[in-house]
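Reviewing the structure listed below.
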Amino acid sequence: MKGKRTLYEIYWEILTFCRTPRTFTSIIHRCSLNSDIGQEHIGFLLGKGFLSRYEDEGANLHRTTDKARPFLDSFREMYLELYNRGPEFKL
Amino acid sequence: MVRVFRGENMINETFNRLSREMRSFNSLILMNIAGAGLAVARGISFIVRNVHPMVAARMILWPEAIMVGAALAGCALMFRWLIMGAEMMDEYQDVREGASGHENGAEDSATELIVQNMAFYRDHRESMGSLILGSRITGAFFLVTAALQVQYVVSVLGSGSAFEAAFVLLGFSLILILGLAGVYIPRLFRRYEATWDRRLQESTEAEKKLGELLEGSS
């Protein structure tokens with residue numbers, strides 16, 4: 001995903017992507033982040049316990065934990081709600 | 001009223017809404033590009049028509065030269081407008097193509113599309129201002145041109161041949177349509193801006209709640 005995103009949108013994107021175990025490279029590629037920023041965000045999510053890191057066949061993988069579920073659910077419901085509320089754009 | 005987005009129908013409605021909005025916005029960019037393209041074409045034909053007498057006379061005719069200079073400057077601006085519209089359309093295609101499924105389910109897929117549209121809007125908010133300005137200037141230019149041609153069109157309709165009258169009417173209609181489109185397109189962009197500005201504002205409020213949630217989870 002490209003474009004100007006807020007911090008929470010980036011967190012949501014990383015966590016959604018990591019429901020399936022992912023390497024650091026695939027996360028920063030998918031979320032269009034540079035290495036330093038990616039490291040910072042992933043470090044924050046690991047610190048919160050929203051992501052877990054483990055090694056599998058020599059690869060360092062990141063996976064979203066159950067602890068992230070309230071954040072993911074709230075984010076999704078809030079965004080769906082704010083999108084559906086109010087008038088639609090039509091020509 | 002707080003709606004709970006769990007039902008399949010609700011998600012389908014969100015997808016339909018996203019699909020309609022994205023189609024509408026894509027059409028708006030296309031209209032903008034078509035308007036800019038026609039404006040550039042019209043500008044080039046004006047330049048050629050005014051350069052021709054100078055080439056025939058093999059000297060600089062100042063009234064024509066000044067008009068050609070002004071038209072060149074106008075064309076450069078309209079060309080910039082055209083390129084900006086094309087770039088916006090290219091980037092919007094990426095957003096539309098991103099709508100093709102999500103391995104984590106329909107709700108996440110819809111949320112991702114919303115986030116992508118928001119990111120696109122944040123990125124292009126300023127360019128939309130330029131497109132609106134370009135459209136307004138071009139619209140005003142063509143409406144003034146159409147007003148100046150009214151007398152000529154009436155005289156041709158009164159005394160010219162049917163072929164000449166049809167030809168003049170066609171040209172006049174094109175200028176009038178471009179003028180009206182130039183005035184109407186900014187209104188549509190404003191409507192798009194109003195829709196997404198409201199959503200961005202509400203997302204800021206949602207962020208506060210998400211921030212509290214993150215703080216509470218440590």
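Chain labels A, B, ... are given in the sequence in which chains occur in the structure tokens; within each chain residues are numbered consecutively from 1, and ligands are likewise numbered from 1 in the order shown.
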Within 10 Å of chain B, which residues belong to chain A? Use only C-alpha atoms and report them as a ChimeraX atom specification. /A:1-10,12-13,16-17,19-20,45,47-50,67-68,70-91
Worksheet entry | Long-range neighbours of Arg63 (chain A) as a VMD selection string, 6 Å cut-off, only C-alpha atoms, 2 positions minimum in chain | chain A and resid 18 to 19 21 51 to 52
**Message:** Applying 12 Å and only C-alpha atoms, which residues near region 82-86 of chain B remain after dropping the ones on its own chain fewer than 4 positions away? List them as number ranges by chain.
**Reply:** B: 25-41, 75-78, 90-93, 124, 126-132, 134-135, 138
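Between CA of Ile175 (chain B) and CA of Arg136 (chain B) the interatomic distance comes to 14.1 Å.
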